[in-house]
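Dropping my_file32.tsv in here (TSV, C-alpha atoms):
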chain	number	residue	atom	x	y	z
A	38	MET	CA	-26.77	13.60	30.60
A	39	PHE	CA	-23.09	12.83	31.38
A	40	ILE	CA	-23.72	9.04	31.19
A	41	SER	CA	-25.44	9.25	27.80
A	42	THR	CA	-22.60	11.30	26.29
A	43	LEU	CA	-20.07	8.73	27.54
A	44	ARG	CA	-22.11	5.83	26.25
A	45	ILE	CA	-21.86	6.75	22.56
A	46	PRO	CA	-18.04	6.91	22.38
A	47	LEU	CA	-17.75	3.79	24.54
A	48	TYR	CA	-20.07	1.78	22.24
A	49	PHE	CA	-18.22	3.15	19.23
A	50	TRP	CA	-14.83	1.98	20.57
A	51	LEU	CA	-16.17	-1.41	21.64
A	52	LEU	CA	-17.64	-1.92	18.18
A	53	LEU	CA	-14.37	-0.89	16.56
A	54	LEU	CA	-12.21	-3.09	18.79
A	55	PHE	CA	-14.27	-6.27	18.76
A	56	SER	CA	-15.94	-6.37	15.37
A	57	ALA	CA	-13.11	-5.20	13.11
A	58	PRO	CA	-11.13	-8.49	13.30
A	59	VAL	CA	-14.25	-10.53	12.55
A	60	PHE	CA	-15.19	-8.53	9.47
A	61	SER	CA	-11.73	-7.84	8.08
A	62	ASP	CA	-10.47	-9.36	4.88
A	63	TRP	CA	-7.18	-11.25	4.90
A	64	HIS	CA	-4.59	-10.16	2.34
A	65	LEU	CA	-1.73	-12.09	0.82
A	66	VAL	CA	1.76	-10.85	1.77
A	67	ASN	CA	3.74	-11.01	-1.48
A	68	GLU	CA	7.16	-10.74	0.19
A	69	GLU	CA	6.48	-13.78	2.38
A	70	SER	CA	4.73	-15.92	-0.25
A	71	LYS	CA	6.09	-18.23	-2.95
A	72	LEU	CA	4.58	-19.75	-6.10
A	73	ASN	CA	6.93	-22.11	-7.95
A	74	PHE	CA	6.72	-24.47	-10.89
A	75	ILE	CA	9.16	-26.95	-12.38
A	76	SER	CA	9.91	-27.35	-16.07
A	77	ILE	CA	11.62	-30.47	-17.39
A	78	LYS	CA	13.57	-30.26	-20.62
A	79	ALA	CA	15.66	-32.72	-22.61
A	80	THR	CA	14.03	-35.63	-20.75
A	81	ASN	CA	15.73	-35.22	-17.37
A	82	ILE	CA	16.83	-31.61	-16.76
A	83	ALA	CA	14.51	-30.02	-14.19
A	84	GLU	CA	14.52	-26.29	-13.38
A	85	ILE	CA	12.58	-24.35	-10.76
A	86	HIS	CA	10.85	-21.10	-11.75
A	87	SER	CA	8.78	-18.65	-9.74
A	88	PHE	CA	6.55	-15.60	-10.00
A	89	LYS	CA	7.77	-12.52	-8.11
A	90	LYS	CA	4.41	-10.74	-7.97
A	91	ILE	CA	1.35	-12.49	-6.63
A	92	SER	CA	-1.58	-10.98	-4.77
A	93	GLY	CA	-4.77	-12.23	-3.21
A	94	ASN	CA	-7.23	-12.11	-0.38
A	95	VAL	CA	-9.75	-14.11	1.58
A	96	LYS	CA	-12.99	-12.27	2.26
A	97	GLU	CA	-15.11	-12.68	5.37
A	98	ASN	CA	-17.65	-14.76	3.39
A	99	GLY	CA	-14.93	-17.27	2.40
A	100	GLU	CA	-14.34	-16.06	-1.16
A	101	ALA	CA	-10.64	-16.50	-1.83
A	102	GLN	CA	-8.64	-15.30	-4.80
A	103	LEU	CA	-5.03	-15.58	-5.91
A	104	SER	CA	-3.82	-13.41	-8.79
A	105	ILE	CA	-0.53	-14.15	-10.58
A	106	ASN	CA	1.30	-11.45	-12.51
A	107	LEU	CA	2.57	-13.59	-15.39
A	108	ALA	CA	5.08	-10.93	-16.48
A	109	SER	CA	6.81	-11.32	-13.10
A	110	LEU	CA	8.12	-14.77	-14.08
A	111	GLU	CA	11.65	-15.41	-12.78
A	112	THR	CA	13.68	-18.22	-14.33
A	113	LEU	CA	17.09	-16.69	-13.44
A	114	ILE	CA	17.84	-16.30	-17.16
A	115	PRO	CA	16.56	-12.97	-18.61
A	116	ILE	CA	16.22	-14.19	-22.21
A	117	ARG	CA	14.24	-17.20	-21.00
A	118	ASN	CA	11.97	-14.92	-18.94
A	119	GLU	CA	11.29	-12.94	-22.10
A	120	ARG	CA	10.73	-15.97	-24.32
A	121	MET	CA	8.38	-17.68	-21.87
A	122	GLY	CA	6.47	-14.45	-21.36
A	123	ASN	CA	6.06	-13.87	-25.10
A	124	LEU	CA	5.75	-17.40	-26.51
A	125	LEU	CA	4.14	-19.33	-23.67
A	126	PHE	CA	2.09	-16.98	-21.48
A	127	GLU	CA	1.56	-14.21	-24.09
A	128	THR	CA	1.72	-11.64	-21.31
A	129	LYS	CA	0.98	-8.65	-23.56
A	130	ILE	CA	-2.46	-10.14	-24.21
A	131	TYR	CA	-2.96	-12.09	-20.96
A	132	PRO	CA	-1.07	-10.28	-18.18
A	133	SER	CA	-2.41	-12.35	-15.30
A	134	ALA	CA	-3.96	-15.63	-14.22
A	135	VAL	CA	-6.45	-15.95	-11.36
A	136	PHE	CA	-7.40	-18.84	-9.10
A	137	LYS	CA	-10.68	-18.55	-7.16
A	138	LEU	CA	-12.26	-20.81	-4.58
A	139	GLU	CA	-14.60	-20.85	-1.60
A	140	VAL	CA	-12.96	-21.68	1.73
A	141	ASP	CA	-14.18	-22.28	5.26
A	142	LEU	CA	-12.65	-19.15	6.81
A	143	GLU	CA	-14.37	-19.77	10.14
A	144	LYS	CA	-12.60	-23.12	10.49
A	145	MET	CA	-9.26	-21.51	9.62
A	146	LEU	CA	-9.70	-18.87	12.30
A	147	LEU	CA	-10.84	-21.29	15.00
A	148	ILE	CA	-7.71	-23.44	14.99
A	149	ASP	CA	-5.18	-22.79	17.73
A	150	ILE	CA	-2.08	-20.74	17.02
A	151	GLY	CA	0.72	-23.04	15.89
A	152	LYS	CA	-1.69	-25.79	14.77
A	153	SER	CA	-2.36	-26.98	11.21
A	154	TYR	CA	-4.96	-28.97	9.35
A	155	GLU	CA	-5.26	-30.47	5.88
A	156	VAL	CA	-8.12	-29.82	3.48
A	157	LYS	CA	-9.16	-30.26	-0.16
A	158	TYR	CA	-10.91	-27.57	-2.19
A	159	ARG	CA	-12.09	-27.40	-5.77
A	160	GLY	CA	-11.58	-24.02	-7.38
A	161	MET	CA	-11.51	-22.36	-10.80
A	162	PHE	CA	-8.32	-21.33	-12.58
A	163	GLY	CA	-8.80	-18.45	-15.00
A	164	PHE	CA	-6.10	-18.49	-17.67
A	165	LYS	CA	-6.10	-16.94	-21.16
A	166	ASN	CA	-9.83	-16.16	-20.95
A	167	LYS	CA	-10.72	-19.77	-20.13
A	168	GLN	CA	-11.78	-21.42	-16.88
A	169	PHE	CA	-10.34	-24.70	-15.63
A	170	PRO	CA	-11.58	-26.56	-12.51
A	171	LEU	CA	-8.71	-27.55	-10.23
A	172	LEU	CA	-8.61	-29.65	-7.08
A	173	VAL	CA	-6.04	-28.41	-4.56
A	174	LYS	CA	-4.82	-30.14	-1.40
A	175	LEU	CA	-3.78	-27.62	1.22
A	176	LYS	CA	-2.12	-27.39	4.58
A	177	VAL	CA	-3.47	-24.45	6.60
A	178	THR	CA	-1.48	-23.22	9.60
A	179	ARG	CA	-2.59	-20.57	12.09
A	180	LEU	CA	0.52	-18.49	12.80
A	181	SER	CA	-0.95	-15.80	15.05
A	182	ASP	CA	-4.24	-14.01	15.65
A	183	GLN	CA	-3.29	-11.77	12.71
A	184	SER	CA	-1.89	-14.30	10.21
A	185	PHE	CA	-2.15	-17.77	8.72
A	186	SER	CA	-0.32	-19.65	5.97
A	187	VAL	CA	-1.64	-21.87	3.20
A	188	SER	CA	0.74	-24.24	1.43
A	189	SER	CA	0.42	-27.03	-1.09
A	190	LEU	CA	0.15	-30.39	0.64
A	191	GLU	CA	1.37	-32.03	-2.55
A	192	PRO	CA	2.41	-30.59	-5.94
A	193	LEU	CA	-0.43	-29.52	-8.20
A	194	LEU	CA	0.15	-31.14	-11.61
A	195	LEU	CA	-0.88	-28.96	-14.54
A	196	ASN	CA	-1.05	-30.28	-18.10
A	197	ALA	CA	0.07	-27.96	-20.91
A	198	ASP	CA	-2.28	-29.57	-23.45
A	199	ARG	CA	-5.29	-29.02	-21.18
A	200	LEU	CA	-4.34	-25.37	-20.61
A	201	GLY	CA	-3.83	-24.71	-24.31
A	202	LEU	CA	-0.06	-24.23	-24.01
A	203	SER	CA	1.13	-26.90	-26.45
A	204	ASN	CA	1.91	-24.44	-29.26
A	205	GLY	CA	3.81	-22.20	-26.87
A	206	ILE	CA	5.86	-25.10	-25.55
A	207	GLU	CA	6.69	-26.21	-29.07
A	208	ALA	CA	7.75	-22.65	-29.96
A	209	LEU	CA	10.00	-22.55	-26.88
A	210	ARG	CA	11.47	-25.95	-27.69
A	211	ALA	CA	12.28	-24.87	-31.26
A	212	VAL	CA	13.82	-21.48	-30.37
A	213	ALA	CA	15.96	-23.05	-27.62
A	214	GLY	CA	17.00	-25.99	-29.82
A	215	LEU	CA	15.85	-28.58	-27.27
A	216	PRO	CA	14.86	-32.18	-28.04
A	217	SER	CA	11.86	-31.97	-25.68
A	218	ILE	CA	10.03	-29.99	-22.99
A	219	SER	CA	7.66	-31.86	-20.69
A	220	LYS	CA	3.98	-30.94	-20.83
A	221	SER	CA	3.42	-31.95	-17.20
A	222	VAL	CA	4.21	-29.10	-14.83
A	223	PRO	CA	4.33	-29.54	-11.02
A	224	VAL	CA	3.33	-26.40	-9.10
A	225	THR	CA	3.95	-25.73	-5.40
A	226	PHE	CA	3.13	-22.73	-3.24
A	227	SER	CA	3.41	-21.28	0.23
A	228	LEU	CA	1.17	-18.26	0.86
A	229	MET	CA	1.06	-15.94	3.85
A	230	PHE	CA	-2.14	-14.05	4.70
A	231	ARG	CA	-2.46	-11.20	7.18
A	232	LYS	CA	-5.39	-9.22	8.46
Translate this file's structure into structure tokens.
Amino acid sequence: MFISTLRIPLYFWLLLLFSAPVFSDWHLVNEESKLNFISIKATNIAEIHSFKKISGNVKENGEAQLSINLASLETLIPIRNERMGNLLFETKIYPSAVFKLEVDLEKMLLIDIGKSYEVKYRGMFGFKNKQFPLLVKLKVTRLSDQSFSVSSLEPLLLNADRLGLSNGIEALRAVAGLPSISKSVPVTFSLMFRK
């Protein structure tokens, strides 16, 4: 009788201790993650911008998602934040953009702490109610048994025409009185995930 009553709590704790890490989702840590893009105006003036609020997760089945709060754009110039939000991203209508892909989570979790590997994935970028396939080249680094980082191995080049942003860029160019704004936009990122 005594053995059987001990067995249930013991099995319960063993299940909790050993299976929870395997079946836990991994969540993006916003404060330790960066998503930047570069705009080029007047032919040769480049400026770095970022988004202050990003979120995401990687599920146990390998489904990964990154959500970008477009209203959290930071260009270091408040009026430019407002103009880009209104004229380019139309944040009142489209508050966020989402990138989804399937990853090999098992491979990520099997690499030794402190080690990295490089990989390519094709995912879908959801932006302004449209879907765009994107190929990303990543560097994955296992930081600890509770965390890993994913960073861009090389800049991801987005094209404003392809994303339907040409009118917004022209509106920005006109309101700022600029001779030109490049339609090629390099994007880089460094994302931290924790269990």
Residues at most 9 Å from Ser203 of chain A, counting only C-alpha atoms, excluding those fewer than 5 positions away in the same chain, as a list in words?
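The residues satisfying every condition are Leu125, Ala197, Asp198, Ala208 and Lys220 of chain A.
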Which distance in Å separates atom CA of Lys78 of chain A and atom CA of Ile114 of chain A, to one decimal?
15.0 Å
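Computed from the coordinates, the atom CA of Leu202 of chain A to atom CA of Leu113 of chain A distance equals 21.5 Å.
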Do a neighbour search on Gly201 of chain A at 12 Å with only C-alpha atoms, toss out local chain neighbours closer than 6 positions, and write the hits as a ChimeraX atom specification.
/A:125-127,164-169,195,207,220
Output of the above residues as a compact mmCIF listing (two decimals), in the frame of the given file, restricted to C-alpha atoms:
# COMPACT_ATOMS: atom_id res chain seq x y z
CA LEU A 125 4.14 -19.33 -23.67
CA PHE A 126 2.09 -16.98 -21.48
CA GLU A 127 1.56 -14.21 -24.09
CA PHE A 164 -6.10 -18.49 -17.67
CA LYS A 165 -6.10 -16.94 -21.16
CA ASN A 166 -9.83 -16.16 -20.95
CA LYS A 167 -10.72 -19.77 -20.13
CA GLN A 168 -11.78 -21.42 -16.88
CA PHE A 169 -10.34 -24.70 -15.63
CA LEU A 195 -0.88 -28.96 -14.54
CA GLU A 207 6.69 -26.21 -29.07
CA LYS A 220 3.98 -30.94 -20.83
Closest to Glu119 of chain A among A:Leu107, A:Lys96, A:Leu142, A:Ile148, using all atoms listed in the file?
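Looking only at the distances to Glu119 of chain A, the closest residue turns out to be A:Leu107.
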Shortest interatomic distance to Arg117 of chain A - which of A:Lys232, A:Phe136, A:Asp149, A:Leu209, counting all atoms listed in the file:
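Checking each of A:Lys232, A:Phe136, A:Asp149, A:Leu209 against Arg117 of chain A, counting all atoms listed in the file, the winner is A:Leu209.
Relative to atom CA of Phe88 of chain A, atom CA of Met145 of chain A is found at 25.9 Å.
Distance check against Asn123 of chain A using all atoms listed in the file: of A:Ile77, A:Val140, A:Ile206, A:Leu147, the minimum falls on A:Ile206.
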Box in all listed atoms of segment 96-115 of chain A, axis-aligned, with 5 Å more on each side; write out centre and edge lengths in Å to one decimal as JSON.
{"center_x": 0.1, "center_y": -14.6, "center_z": -6.6, "size_x": 45.5, "size_y": 17.3, "size_z": 34.0}
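Among A:Leu180, A:Leu215, A:Ala108, A:Gln102, the residue with the shortest atom-to-atom distance to Ile130 of chain A, counting only C-alpha atoms, is A:Ala108.
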Do a neighbour search on Tyr154 of chain A at 7 Å with only C-alpha atoms, toss out local chain neighbours closer than 4 positions, and write the hits as a compact mmCIF listing (two decimals) with C-alpha atoms, in the frame of the given file.
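What follows is the written file result31.txt:
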# COMPACT_ATOMS: atom_id res chain seq x y z
CA LYS A 176 -2.12 -27.39 4.58
CA VAL A 177 -3.47 -24.45 6.60
CA THR A 178 -1.48 -23.22 9.60
Nearest to Ser87 of chain A by atom-to-atom distance, counting all atoms listed in the file, from A:Leu200, A:Leu193, A:Thr112, A:Trp63
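The answer is A:Thr112, which sits nearest to Ser87 of chain A.
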Looking at all atoms listed in the file, which of A:Ser181, A:Val222, A:Met161, A:Val66 is the one that sits closest to Leu194 of chain A?
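Nearest candidate to Leu194 of chain A out of A:Ser181, A:Val222, A:Met161, A:Val66: A:Val222.
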Need a file for segment 162-213 of chain A from that block: C-alpha atoms, written as a compact mmCIF listing (two decimals), in the first residue's frame.
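Result written to part-v3.txt:
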# COMPACT_ATOMS: atom_id res chain seq x y z
CA PHE A 162 5.95 36.52 -45.34
CA GLY A 163 2.45 37.82 -44.65
CA PHE A 164 2.25 41.54 -45.34
CA LYS A 165 -0.79 43.72 -46.11
CA ASN A 166 -3.03 40.66 -46.56
CA LYS A 167 -0.69 39.11 -49.14
CA GLN A 168 1.74 36.20 -48.90
CA PHE A 169 5.28 36.32 -50.27
CA PRO A 170 7.67 33.33 -50.32
CA LEU A 171 11.08 34.23 -48.90
CA LEU A 172 14.32 32.27 -48.71
CA VAL A 173 16.30 33.02 -45.55
CA LYS A 174 19.88 32.00 -44.72
CA LEU A 175 20.34 31.56 -40.99
CA LYS A 176 23.00 30.98 -38.41
CA VAL A 177 21.66 29.01 -35.44
CA THR A 178 23.64 29.00 -32.19
CA ARG A 179 22.87 26.92 -29.10
CA LEU A 180 23.52 29.22 -26.15
CA SER A 181 22.40 26.99 -23.27
CA ASP A 182 19.97 24.17 -22.58
CA GLN A 183 17.29 26.86 -22.23
CA SER A 184 18.13 29.19 -25.14
CA PHE A 185 19.33 29.50 -28.72
CA SER A 186 19.81 32.39 -31.14
CA VAL A 187 18.92 32.72 -34.80
CA SER A 188 20.58 35.43 -36.89
CA SER A 189 20.71 36.36 -40.54
CA LEU A 190 23.73 34.80 -42.22
CA GLU A 191 23.49 37.48 -44.89
CA PRO A 192 21.10 40.42 -45.38
CA LEU A 193 17.68 39.55 -46.71
CA LEU A 194 16.98 41.83 -49.69
CA LEU A 195 13.35 42.92 -49.99
CA ASN A 196 12.01 44.72 -53.05
CA ALA A 197 9.44 47.47 -52.51
CA ASP A 198 7.79 46.89 -55.90
CA ARG A 199 7.27 43.20 -55.13
CA LEU A 200 5.77 43.99 -51.72
CA GLY A 201 3.42 46.62 -53.14
CA LEU A 202 5.18 49.54 -51.43
CA SER A 203 6.04 51.65 -54.49
CA ASN A 204 3.21 54.16 -53.94
CA GLY A 205 4.14 54.53 -50.28
CA ILE A 206 7.79 55.14 -51.12
CA GLU A 207 6.83 57.74 -53.70
CA ALA A 208 4.58 59.47 -51.14
CA LEU A 209 7.45 59.50 -48.64
CA ARG A 210 9.87 60.83 -51.24
CA ALA A 211 7.49 63.66 -52.17
CA VAL A 212 6.63 64.72 -48.60
CA ALA A 213 10.32 64.71 -47.59
